[in-house]
>>> print(open('input_31.cif').read())   # mmCIF, C-alpha atoms
data_run
#
loop_
_atom_site.group_PDB
_atom_site.id
_atom_site.type_symbol
_atom_site.label_atom_id
_atom_site.label_comp_id
_atom_site.auth_asym_id
_atom_site.auth_seq_id
_atom_site.Cartn_x
_atom_site.Cartn_y
_atom_site.Cartn_z
ATOM 1 C CA VAL A 1 -124.492 -38.080 40.922
ATOM 2 C CA ALA A 2 -124.761 -41.555 39.410
ATOM 3 C CA THR A 3 -125.401 -40.175 35.913
ATOM 4 C CA VAL A 4 -122.569 -37.646 35.917
ATOM 5 C CA GLY A 5 -120.058 -39.824 37.733
ATOM 6 C CA GLY A 6 -120.968 -43.038 36.009
ATOM 7 C CA LYS A 7 -121.088 -44.886 39.337
ATOM 8 C CA ALA A 8 -123.702 -45.599 41.948
ATOM 9 C CA PRO A 9 -123.292 -43.309 44.965
ATOM 10 C CA LEU A 10 -121.949 -44.771 48.203
ATOM 11 C CA VAL A 11 -123.849 -43.505 51.236
ATOM 12 C CA ALA A 12 -121.362 -42.998 54.049
ATOM 13 C CA GLY A 13 -123.161 -41.102 56.800
ATOM 14 C CA LYS A 14 -124.604 -42.362 60.067
ATOM 15 C CA PRO A 15 -125.975 -45.043 60.400
ATOM 16 C CA SER A 16 -124.708 -46.600 57.146
ATOM 17 C CA ALA A 17 -122.847 -49.905 56.987
ATOM 18 C CA PRO A 18 -119.935 -48.405 54.945
ATOM 19 C CA MET A 19 -119.312 -45.787 57.671
ATOM 20 C CA ALA A 20 -119.433 -48.487 60.363
ATOM 21 C CA LYS A 21 -116.932 -50.581 58.390
ATOM 22 C CA LEU A 22 -114.609 -47.587 58.028
ATOM 23 C CA ILE A 23 -114.693 -46.958 61.781
ATOM 24 C CA ARG A 24 -113.996 -50.619 62.564
ATOM 25 C CA ASP A 25 -111.137 -50.625 60.021
ATOM 26 C CA LEU A 26 -109.611 -47.492 61.592
ATOM 27 C CA VAL A 27 -110.095 -48.097 65.317
ATOM 28 C CA GLY A 28 -111.171 -51.704 65.742
ATOM 29 C CA GLN A 29 -114.378 -52.604 67.511
ATOM 30 C CA PRO A 30 -115.757 -49.593 69.412
ATOM 31 C CA THR A 31 -117.415 -50.248 72.754
ATOM 32 C CA LEU A 32 -119.635 -47.169 73.040
ATOM 33 C CA MET A 33 -121.260 -44.774 70.570
ATOM 34 C CA VAL A 34 -122.229 -41.458 72.160
ATOM 35 C CA GLY A 35 -124.754 -39.171 70.532
ATOM 36 C CA ASP A 36 -127.624 -36.748 71.027
ATOM 37 C CA ARG A 37 -130.005 -38.065 68.369
ATOM 38 C CA PHE A 38 -131.638 -41.324 69.425
ATOM 39 C CA GLU A 39 -132.817 -42.336 65.960
ATOM 40 C CA THR A 40 -129.536 -42.027 64.039
ATOM 41 C CA ASP A 41 -126.922 -42.407 66.773
ATOM 42 C CA GLY A 42 -128.748 -45.333 68.372
ATOM 43 C CA ALA A 43 -129.092 -47.012 64.970
ATOM 44 C CA PHE A 44 -125.393 -46.410 64.334
ATOM 45 C CA ALA A 45 -124.522 -48.053 67.662
ATOM 46 C CA SER A 46 -126.560 -51.061 66.519
ATOM 47 C CA GLU A 47 -124.752 -51.084 63.166
ATOM 48 C CA LEU A 48 -121.425 -50.991 65.040
ATOM 49 C CA ALA A 49 -122.630 -53.709 67.450
ATOM 50 C CA CYS A 50 -121.642 -51.575 70.436
ATOM 51 C CA GLY A 51 -123.321 -49.870 73.363
ATOM 52 C CA PHE A 52 -125.064 -46.529 73.025
ATOM 53 C CA GLY A 53 -124.849 -43.527 75.324
ATOM 54 C CA LEU A 54 -127.559 -40.910 74.797
ATOM 55 C CA VAL A 55 -126.835 -37.346 75.868
ATOM 56 C CA LEU A 56 -129.889 -35.160 76.383
ATOM 57 C CA SER A 57 -128.108 -31.857 75.672
ATOM 58 C CA GLY A 58 -128.916 -31.942 71.958
ATOM 59 C CA VAL A 59 -131.744 -33.104 69.727
ATOM 60 C CA SER A 60 -133.309 -35.986 71.677
ATOM 61 C CA LYS A 61 -134.825 -35.260 75.057
ATOM 62 C CA GLY A 62 -135.449 -38.892 75.968
ATOM 63 C CA VAL A 63 -135.981 -42.395 74.644
ATOM 64 C CA PRO A 64 -138.952 -42.663 72.270
ATOM 65 C CA ASP A 65 -141.819 -44.846 73.475
ATOM 66 C CA GLY A 66 -141.358 -48.500 72.622
ATOM 67 C CA GLU A 67 -137.600 -48.236 72.055
ATOM 68 C CA SER A 68 -134.921 -50.087 74.003
ATOM 69 C CA LYS A 69 -133.136 -48.082 76.672
ATOM 70 C CA PRO A 70 -129.522 -47.166 75.813
ATOM 71 C CA ALA A 71 -126.640 -48.409 77.968
ATOM 72 C CA TYR A 72 -126.287 -44.858 79.339
ATOM 73 C CA ILE A 73 -128.487 -41.768 79.443
ATOM 74 C CA ALA A 74 -126.990 -38.523 80.748
ATOM 75 C CA ALA A 75 -127.776 -34.816 80.705
ATOM 76 C CA ASN A 76 -124.556 -34.037 78.824
ATOM 77 C CA PHE A 77 -121.268 -35.555 77.656
ATOM 78 C CA SER A 78 -119.415 -34.749 80.881
ATOM 79 C CA GLU A 79 -122.022 -36.585 82.958
ATOM 80 C CA LEU A 80 -121.930 -39.528 80.569
ATOM 81 C CA VAL A 81 -118.146 -39.791 80.888
ATOM 82 C CA ASN A 82 -118.427 -39.709 84.671
ATOM 83 C CA GLU A 83 -121.097 -42.409 84.599
ATOM 84 C CA ALA A 84 -119.499 -44.663 81.989
ATOM 85 C CA ILE A 85 -115.774 -44.291 82.611
ATOM 86 C CA VAL A 86 -114.922 -42.615 85.893
ATOM 87 C CA ARG A 87 -117.122 -44.650 88.199
#
>>> encode(input="input_31.cif", output="structure tokens")
Amino acid sequence: VATVGGKAPLVAGKPSAPMAKLIRDLVGQPTLMVGDRFETDGAFASELACGFGLVLSGVSKGVPDGESKPAYIAANFSELVNEAIVR
């Protein structure tokens, strides 16, 4: 990509700093990142400096040993919403 385009590529996926900056520019400072993959979604929450809600309905089935516990852990998105917002 760099050779053909003549520019260094800009990585913009999770958990990259450019993607976090774009989100902050578009919506301000988020308060909670929700995701099903502890490694990338949790790292993205850290990059965004916001809380992290882990849903267990996807890739991750729990918090890896030695890692900090997320602000919320729920079986699925609906349960997370009830726990984080409705209560």
>>> closest_residue(input="input_31.cif", among="A:Ala2, A:Val34, A:Phe52, A:Tyr72", to="Ala84 in chain A", atoms="only C-alpha atoms")
A:Tyr72
>>> residues_around(input="input_31.cif", residues="Pro64 in chain A", least_positions_apart="4", cutoff="10 Å", atoms="all atoms listed in the file", output="list in words")
Phe38, Glu39, Ser60, Ser68 and Lys69 of chain A
>>> resolve_selection(input="input_31.cif", expression="the PyMOL selection byres ((chain A and resi 73) around 12)", output="MDAnalysis selection string")
chainID A and resid 33:38 42 51:57 60:63 68:72 74:84
>>> closest_residue(input="input_31.cif", among="A:Val59, A:Ala43, A:Val86, A:Cys50", to="Gly13 in chain A", atoms="only C-alpha atoms")
A:Ala43
>>> atom_distance(input="input_31.cif", atom1="CA of Ala8 in chain A", atom2="CA of Ala20 in chain A")
19.1 Å
>>> atom_distance(input="input_31.cif", atom1="CA of Phe44 in chain A", atom2="CA of Val11 in chain A")
13.5 Å
>>> atom_distance(input="input_31.cif", atom1="CA of Ile23 in chain A", atom2="CA of Lys7 in chain A")
23.4 Å
>>> axis_aligned_box(input="input_31.cif", around="range 4-20 of chain A", padding_each_side="5 Å", output="AutoDock Vina command-line options")
--center_x -122.6 --center_y -43.8 --center_z 48.2 --size_x 16.7 --size_y 22.3 --size_z 34.5
>>> closest_residue(input="input_31.cif", among="A:Thr40, A:Ala12, A:Ala49, A:Gly6", to="Arg24 in chain A", atoms="all atoms listed in the file")
A:Ala49
>>> closest_residue(input="input_31.cif", among="A:Gly28, A:Leu48, A:Ile85, A:Glu67", to="Ser16 in chain A", atoms="all atoms listed in the file")
A:Leu48
>>> closest_residue(input="input_31.cif", among="A:Thr3, A:Pro9, A:Leu32, A:Asp65", to="Ser46 in chain A", atoms="only C-alpha atoms")
A:Leu32
